[in-house]
file upload-v5.txt (compact mmCIF, C-alpha atoms)
# COMPACT_ATOMS: atom_id res chain seq x y z
CA GLN A 1 -5.80 -19.21 3.46
CA VAL A 2 -5.73 -15.48 2.79
CA GLN A 3 -4.93 -14.12 -0.66
CA LEU A 4 -4.13 -10.51 -1.49
CA VAL A 5 -4.58 -9.18 -5.01
CA GLU A 6 -3.12 -5.81 -5.87
CA SER A 7 -4.07 -3.57 -8.76
CA GLY A 8 -3.73 -0.01 -9.95
CA GLY A 9 -0.06 0.21 -10.78
CA GLY A 10 1.23 1.59 -14.05
CA LEU A 11 3.22 4.27 -15.81
CA VAL A 12 2.56 7.89 -14.97
CA GLN A 13 4.32 11.18 -15.54
CA ALA A 14 5.88 13.09 -12.69
CA GLY A 15 3.23 15.04 -10.83
CA GLY A 16 0.55 12.53 -11.69
CA SER A 17 -1.59 10.32 -9.49
CA LEU A 18 -2.37 6.64 -9.09
CA ARG A 19 -4.54 4.67 -6.69
CA LEU A 20 -3.41 1.21 -5.68
CA SER A 21 -5.89 -1.34 -4.37
CA CYS A 22 -5.29 -4.51 -2.40
CA ALA A 23 -8.24 -6.87 -2.08
CA ALA A 24 -8.11 -9.64 0.50
CA SER A 25 -9.99 -12.90 0.33
CA GLY A 26 -10.05 -16.03 2.41
CA SER A 27 -10.69 -16.99 5.98
CA LEU A 28 -9.10 -15.99 9.28
CA PHE A 29 -8.69 -12.42 8.12
CA SER A 30 -8.68 -9.78 10.83
CA GLY A 31 -7.28 -6.82 8.97
CA THR A 32 -5.85 -5.11 12.00
CA ALA A 33 -2.47 -4.25 10.50
CA MET A 34 -2.42 -3.07 6.91
CA GLY A 35 0.45 -1.53 5.05
CA TRP A 36 1.96 -0.65 1.74
CA TYR A 37 5.63 -1.25 1.11
CA ARG A 38 7.82 -0.64 -1.90
CA GLN A 39 11.05 -1.94 -3.28
CA ALA A 40 13.08 -0.14 -5.90
CA PRO A 41 15.79 -1.91 -7.92
CA GLY A 42 18.88 -2.46 -5.82
CA LYS A 43 17.20 -1.23 -2.64
CA GLN A 44 15.61 -2.83 0.36
CA ARG A 45 11.88 -3.05 0.77
CA GLU A 46 10.62 -0.10 2.78
CA LEU A 47 7.40 0.81 4.53
CA VAL A 48 5.43 3.49 2.72
CA ALA A 49 2.21 3.71 4.73
CA PHE A 50 0.50 1.78 7.48
CA ILE A 51 -2.91 1.54 9.15
CA GLY A 52 -3.30 -0.16 12.51
CA ARG A 53 -6.70 -0.81 14.04
CA ASN A 54 -7.27 -1.87 17.64
CA ASN A 55 -10.23 -3.74 19.07
CA ILE A 56 -11.97 -0.63 20.38
CA GLY A 57 -12.10 1.21 17.08
CA GLY A 58 -8.89 3.16 17.36
CA VAL A 59 -6.95 3.79 14.14
CA THR A 60 -3.31 4.73 13.69
CA THR A 61 -1.75 5.77 10.40
CA THR A 62 1.93 6.12 9.70
CA TYR A 63 3.74 7.38 6.61
CA ALA A 64 7.31 7.39 5.43
CA ALA A 65 8.73 10.89 5.51
CA SER A 66 9.31 10.78 1.77
CA VAL A 67 5.60 10.35 0.99
CA LYS A 68 3.91 12.25 3.81
CA GLY A 69 1.49 14.78 2.43
CA ARG A 70 1.40 13.08 -0.97
CA PHE A 71 0.15 9.54 -0.24
CA THR A 72 -2.93 8.50 1.68
CA ILE A 73 -3.69 5.01 2.96
CA SER A 74 -7.27 3.96 3.62
CA ASP A 75 -9.33 0.83 3.88
CA ASP A 76 -12.84 -0.45 3.33
CA LYS A 77 -13.64 -3.18 5.81
CA ASP A 78 -16.80 -4.21 3.98
CA LYS A 79 -14.76 -4.89 0.85
CA ASN A 80 -11.69 -6.22 2.67
CA THR A 81 -9.66 -3.79 0.60
CA VAL A 82 -6.89 -1.37 1.43
CA TYR A 83 -5.99 1.51 -0.84
CA LEU A 84 -3.01 3.77 -1.42
CA GLN A 85 -3.84 7.07 -3.09
CA MET A 86 -0.66 8.53 -4.52
CA THR A 87 -0.47 12.12 -5.72
CA GLY A 88 2.39 14.37 -6.75
CA LEU A 89 4.32 11.34 -7.92
CA LYS A 90 8.06 11.68 -8.41
CA PRO A 91 10.52 9.53 -10.38
CA GLU A 92 11.98 8.35 -7.08
CA ASP A 93 8.61 6.77 -6.25
CA THR A 94 9.27 4.21 -8.99
CA ALA A 95 9.22 0.77 -7.40
CA ILE A 96 7.25 -2.41 -6.99
CA TYR A 97 4.57 -1.75 -4.41
CA TYR A 98 3.42 -4.52 -2.10
CA CYS A 99 0.52 -4.62 0.30
CA LYS A 100 0.71 -6.49 3.58
CA ILE A 101 -2.31 -7.31 5.70
CA ASP A 102 -1.59 -8.98 9.01
CA ALA A 103 0.96 -11.68 8.06
CA TYR A 104 0.08 -11.86 4.37
CA TRP A 105 1.78 -10.24 1.38
CA GLY A 106 0.47 -9.38 -2.05
CA GLN A 107 2.33 -10.20 -5.22
CA GLY A 108 3.32 -6.62 -5.94
CA THR A 109 2.37 -4.08 -8.57
CA GLN A 110 4.80 -1.97 -10.58
CA VAL A 111 4.65 1.80 -10.37
CA THR A 112 6.83 3.73 -12.80
CA VAL A 113 7.05 7.51 -12.74
CA SER A 114 8.65 9.19 -15.73
CA SER A 115 10.35 12.56 -15.51
call {"tool": "encode", "arguments": {"input": "upload-v5.txt", "output": "structure tokens"}}
result
Amino acid sequence: QVQLVESGGGLVQAGGSLRLSCAASGSLFSGTAMGWYRQAPGKQRELVAFIGRNNIGGVTTTYAASVKGRFTISDDKDKNTVYLQMTGLKPEDTAIYYCKIDAYWGQGTQVTVSS
């Protein structure tokens, strides 16, 4: 069974930065589709950033328009960890952030941006 543990959330002022981490453990982990999602109160969960890896080393990254240029997704295969570096944070980025690796979800970490 695969478990995902997220960390790095917190309270930050507008314009600040945070780095979220999502560490995966367990067996049968391929790590070919990794993403960060967020859900704000009263809103649906939305994709923030995504990394897809194919079996010949190709990598694809995708970002929501609202975070492009401010957020960066990356991963460390040796550590089975995916990261989300967030800069230029805005109050509208306030949400619970979830990582998803293959079919598995993390428990979520709260990010709050004050104005």
call {"tool": "atom_distance", "arguments": {"input": "upload-v5.txt", "atom1": "atom CA of A:Val12", "atom2": "atom CA of A:Ala95"}}
result
12.3 Å
call {"tool": "residues_around", "arguments": {"input": "upload-v5.txt", "residues": "A:Thr61", "least_positions_apart": "2", "cutoff": "8 Å", "atoms": "all atoms listed in the file", "output": "mmCIF file with C-alpha atoms, in the frame of the given file"}}
result
data_model
loop_
_atom_site.group_PDB
_atom_site.id
_atom_site.type_symbol
_atom_site.label_atom_id
_atom_site.label_comp_id
_atom_site.auth_asym_id
_atom_site.auth_seq_id
_atom_site.Cartn_x
_atom_site.Cartn_y
_atom_site.Cartn_z
ATOM 1 C CA ALA A 49 2.210 3.710 4.730
ATOM 2 C CA PHE A 50 0.500 1.780 7.480
ATOM 3 C CA ILE A 51 -2.910 1.540 9.150
ATOM 4 C CA GLY A 52 -3.300 -0.160 12.510
ATOM 5 C CA VAL A 59 -6.950 3.790 14.140
ATOM 6 C CA TYR A 63 3.740 7.380 6.610
ATOM 7 C CA ILE A 73 -3.690 5.010 2.960
#
call {"tool": "closest_residue", "arguments": {"input": "upload-v5.txt", "among": "A:Tyr97, A:Tyr83, A:Trp105, A:Phe71", "to": "A:Gly10", "atoms": "only C-alpha atoms"}}
result
A:Tyr97
call {"tool": "closest_residue", "arguments": {"input": "upload-v5.txt", "among": "A:Thr109, A:Ile101, A:Leu47, A:Gln1", "to": "A:Val82", "atoms": "only C-alpha atoms"}}
result
A:Ile101
call {"tool": "closest_residue", "arguments": {"input": "upload-v5.txt", "among": "A:Thr94, A:Ser74, A:Asn80, A:Ser115", "to": "A:Gly26", "atoms": "only C-alpha atoms"}}
result
A:Asn80
call {"tool": "closest_residue", "arguments": {"input": "upload-v5.txt", "among": "A:Gln3, A:Gln13, A:Gln110, A:Ser25", "to": "A:Lys79", "atoms": "all atoms listed in the file"}}
result
A:Ser25
call {"tool": "atom_distance", "arguments": {"input": "upload-v5.txt", "atom1": "atom CA of A:Glu6", "atom2": "atom CA of A:Ala33"}}
result
16.5 Å
call {"tool": "closest_residue", "arguments": {"input": "upload-v5.txt", "among": "A:Asp78, A:Arg19, A:Trp36, A:Asn54", "to": "A:Lys100", "atoms": "all atoms listed in the file"}}
result
A:Trp36
call {"tool": "atom_distance", "arguments": {"input": "upload-v5.txt", "atom1": "atom CA of A:Arg45", "atom2": "atom CA of A:Thr72"}}
result
18.8 Å
call {"tool": "closest_residue", "arguments": {"input": "upload-v5.txt", "among": "A:Asn55, A:Gly88, A:Cys22, A:Asp102", "to": "A:Gly9", "atoms": "all atoms listed in the file"}}
result
A:Cys22
call {"tool": "residues_around", "arguments": {"input": "upload-v5.txt", "residues": "A:Lys43", "least_positions_apart": "2", "cutoff": "12 Å", "atoms": "only C-alpha atoms", "output": "ChimeraX atom specification"}}
result
/A:38-41,45-46,92,94-96
call {"tool": "build_atoms", "arguments": {"input": "upload-v5.txt", "residues": "stretch 61-88 of chain A", "atoms": "N, CA and C atoms", "output": "PDB file, in the coordinates of the input"}}
result
ATOM      1  N   THR A  61      -2.370   5.778  11.728  1.00  0.00           N
ATOM      2  CA  THR A  61      -1.750   5.770  10.400  1.00  0.00           C
ATOM      3  C   THR A  61      -0.330   6.320  10.508  1.00  0.00           C
ATOM      4  N   THR A  62       0.525   5.730   9.717  1.00  0.00           N
ATOM      5  CA  THR A  62       1.930   6.120   9.700  1.00  0.00           C
ATOM      6  C   THR A  62       2.386   6.210   8.251  1.00  0.00           C
ATOM      7  N   TYR A  63       3.215   7.201   7.959  1.00  0.00           N
ATOM      8  CA  TYR A  63       3.740   7.380   6.610  1.00  0.00           C
ATOM      9  C   TYR A  63       5.254   7.560   6.645  1.00  0.00           C
ATOM     10  N   ALA A  64       5.895   7.075   5.609  1.00  0.00           N
ATOM     11  CA  ALA A  64       7.310   7.390   5.430  1.00  0.00           C
ATOM     12  C   ALA A  64       7.438   8.881   5.178  1.00  0.00           C
ATOM     13  N   ALA A  65       8.523   9.450   5.665  1.00  0.00           N
ATOM     14  CA  ALA A  65       8.730  10.890   5.510  1.00  0.00           C
ATOM     15  C   ALA A  65       8.721  11.308   4.047  1.00  0.00           C
ATOM     16  N   SER A  66       9.194  10.430   3.183  1.00  0.00           N
ATOM     17  CA  SER A  66       9.310  10.780   1.770  1.00  0.00           C
ATOM     18  C   SER A  66       7.967  10.879   1.060  1.00  0.00           C
ATOM     19  N   VAL A  67       6.904  10.324   1.654  1.00  0.00           N
ATOM     20  CA  VAL A  67       5.600  10.350   0.990  1.00  0.00           C
ATOM     21  C   VAL A  67       4.550  11.126   1.780  1.00  0.00           C
ATOM     22  N   LYS A  68       4.885  11.544   2.969  1.00  0.00           N
ATOM     23  CA  LYS A  68       3.910  12.250   3.810  1.00  0.00           C
ATOM     24  C   LYS A  68       3.409  13.500   3.095  1.00  0.00           C
ATOM     25  N   GLY A  69       2.097  13.645   3.106  1.00  0.00           N
ATOM     26  CA  GLY A  69       1.490  14.780   2.430  1.00  0.00           C
ATOM     27  C   GLY A  69       1.150  14.510   0.980  1.00  0.00           C
ATOM     28  N   ARG A  70       1.681  13.417   0.420  1.00  0.00           N
ATOM     29  CA  ARG A  70       1.400  13.080  -0.970  1.00  0.00           C
ATOM     30  C   ARG A  70       0.597  11.784  -1.098  1.00  0.00           C
ATOM     31  N   PHE A  71       0.825  10.849  -0.202  1.00  0.00           N
ATOM     32  CA  PHE A  71       0.150   9.540  -0.240  1.00  0.00           C
ATOM     33  C   PHE A  71      -0.843   9.454   0.897  1.00  0.00           C
ATOM     34  N   THR A  72      -1.932   8.726   0.653  1.00  0.00           N
ATOM     35  CA  THR A  72      -2.930   8.500   1.680  1.00  0.00           C
ATOM     36  C   THR A  72      -3.342   7.034   1.672  1.00  0.00           C
ATOM     37  N   ILE A  73      -3.253   6.391   2.827  1.00  0.00           N
ATOM     38  CA  ILE A  73      -3.690   5.010   2.960  1.00  0.00           C
ATOM     39  C   ILE A  73      -5.080   4.993   3.566  1.00  0.00           C
ATOM     40  N   SER A  74      -5.912   4.096   3.082  1.00  0.00           N
ATOM     41  CA  SER A  74      -7.270   3.960   3.620  1.00  0.00           C
ATOM     42  C   SER A  74      -7.717   2.523   3.423  1.00  0.00           C
ATOM     43  N   ASP A  75      -8.812   2.170   4.072  1.00  0.00           N
ATOM     44  CA  ASP A  75      -9.330   0.830   3.880  1.00  0.00           C
ATOM     45  C   ASP A  75     -10.845   0.827   3.909  1.00  0.00           C
ATOM     46  N   ASP A  76     -11.394  -0.227   3.336  1.00  0.00           N
ATOM     47  CA  ASP A  76     -12.840  -0.450   3.330  1.00  0.00           C
ATOM     48  C   ASP A  76     -13.054  -1.842   3.906  1.00  0.00           C
ATOM     49  N   LYS A  77     -13.508  -1.884   5.145  1.00  0.00           N
ATOM     50  CA  LYS A  77     -13.640  -3.180   5.810  1.00  0.00           C
ATOM     51  C   LYS A  77     -14.689  -4.051   5.137  1.00  0.00           C
ATOM     52  N   ASP A  78     -15.740  -3.426   4.635  1.00  0.00           N
ATOM     53  CA  ASP A  78     -16.800  -4.210   3.980  1.00  0.00           C
ATOM     54  C   ASP A  78     -16.273  -4.917   2.736  1.00  0.00           C
ATOM     55  N   LYS A  79     -15.309  -4.304   2.068  1.00  0.00           N
ATOM     56  CA  LYS A  79     -14.760  -4.890   0.850  1.00  0.00           C
ATOM     57  C   LYS A  79     -13.441  -5.602   1.093  1.00  0.00           C
ATOM     58  N   ASN A  80     -12.983  -5.617   2.358  1.00  0.00           N
ATOM     59  CA  ASN A  80     -11.690  -6.220   2.670  1.00  0.00           C
ATOM     60  C   ASN A  80     -10.602  -5.693   1.739  1.00  0.00           C
ATOM     61  N   THR A  81     -10.588  -4.397   1.548  1.00  0.00           N
ATOM     62  CA  THR A  81      -9.660  -3.790   0.600  1.00  0.00           C
ATOM     63  C   THR A  81      -8.942  -2.616   1.262  1.00  0.00           C
ATOM     64  N   VAL A  82      -7.677  -2.503   0.969  1.00  0.00           N
ATOM     65  CA  VAL A  82      -6.890  -1.370   1.430  1.00  0.00           C
ATOM     66  C   VAL A  82      -6.380  -0.634   0.198  1.00  0.00           C
ATOM     67  N   TYR A  83      -6.342   0.668   0.290  1.00  0.00           N
ATOM     68  CA  TYR A  83      -5.990   1.510  -0.840  1.00  0.00           C
ATOM     69  C   TYR A  83      -4.762   2.361  -0.510  1.00  0.00           C
ATOM     70  N   LEU A  84      -4.076   2.779  -1.554  1.00  0.00           N
ATOM     71  CA  LEU A  84      -3.010   3.770  -1.420  1.00  0.00           C
ATOM     72  C   LEU A  84      -3.220   4.793  -2.527  1.00  0.00           C
ATOM     73  N   GLN A  85      -3.680   5.978  -2.148  1.00  0.00           N
ATOM     74  CA  GLN A  85      -3.840   7.070  -3.090  1.00  0.00           C
ATOM     75  C   GLN A  85      -2.521   7.815  -3.161  1.00  0.00           C
ATOM     76  N   MET A  86      -1.961   7.900  -4.347  1.00  0.00           N
ATOM     77  CA  MET A  86      -0.660   8.530  -4.520  1.00  0.00           C
ATOM     78  C   MET A  86      -0.817   9.740  -5.427  1.00  0.00           C
ATOM     79  N   THR A  87      -0.422  10.888  -4.941  1.00  0.00           N
ATOM     80  CA  THR A  87      -0.470  12.120  -5.720  1.00  0.00           C
ATOM     81  C   THR A  87       0.909  12.757  -5.748  1.00  0.00           C
ATOM     82  N   GLY A  88       1.102  13.705  -6.657  1.00  0.00           N
ATOM     83  CA  GLY A  88       2.390  14.370  -6.750  1.00  0.00           C
ATOM     84  C   GLY A  88       3.537  13.394  -6.933  1.00  0.00           C
TER      85      GLY A  88
END
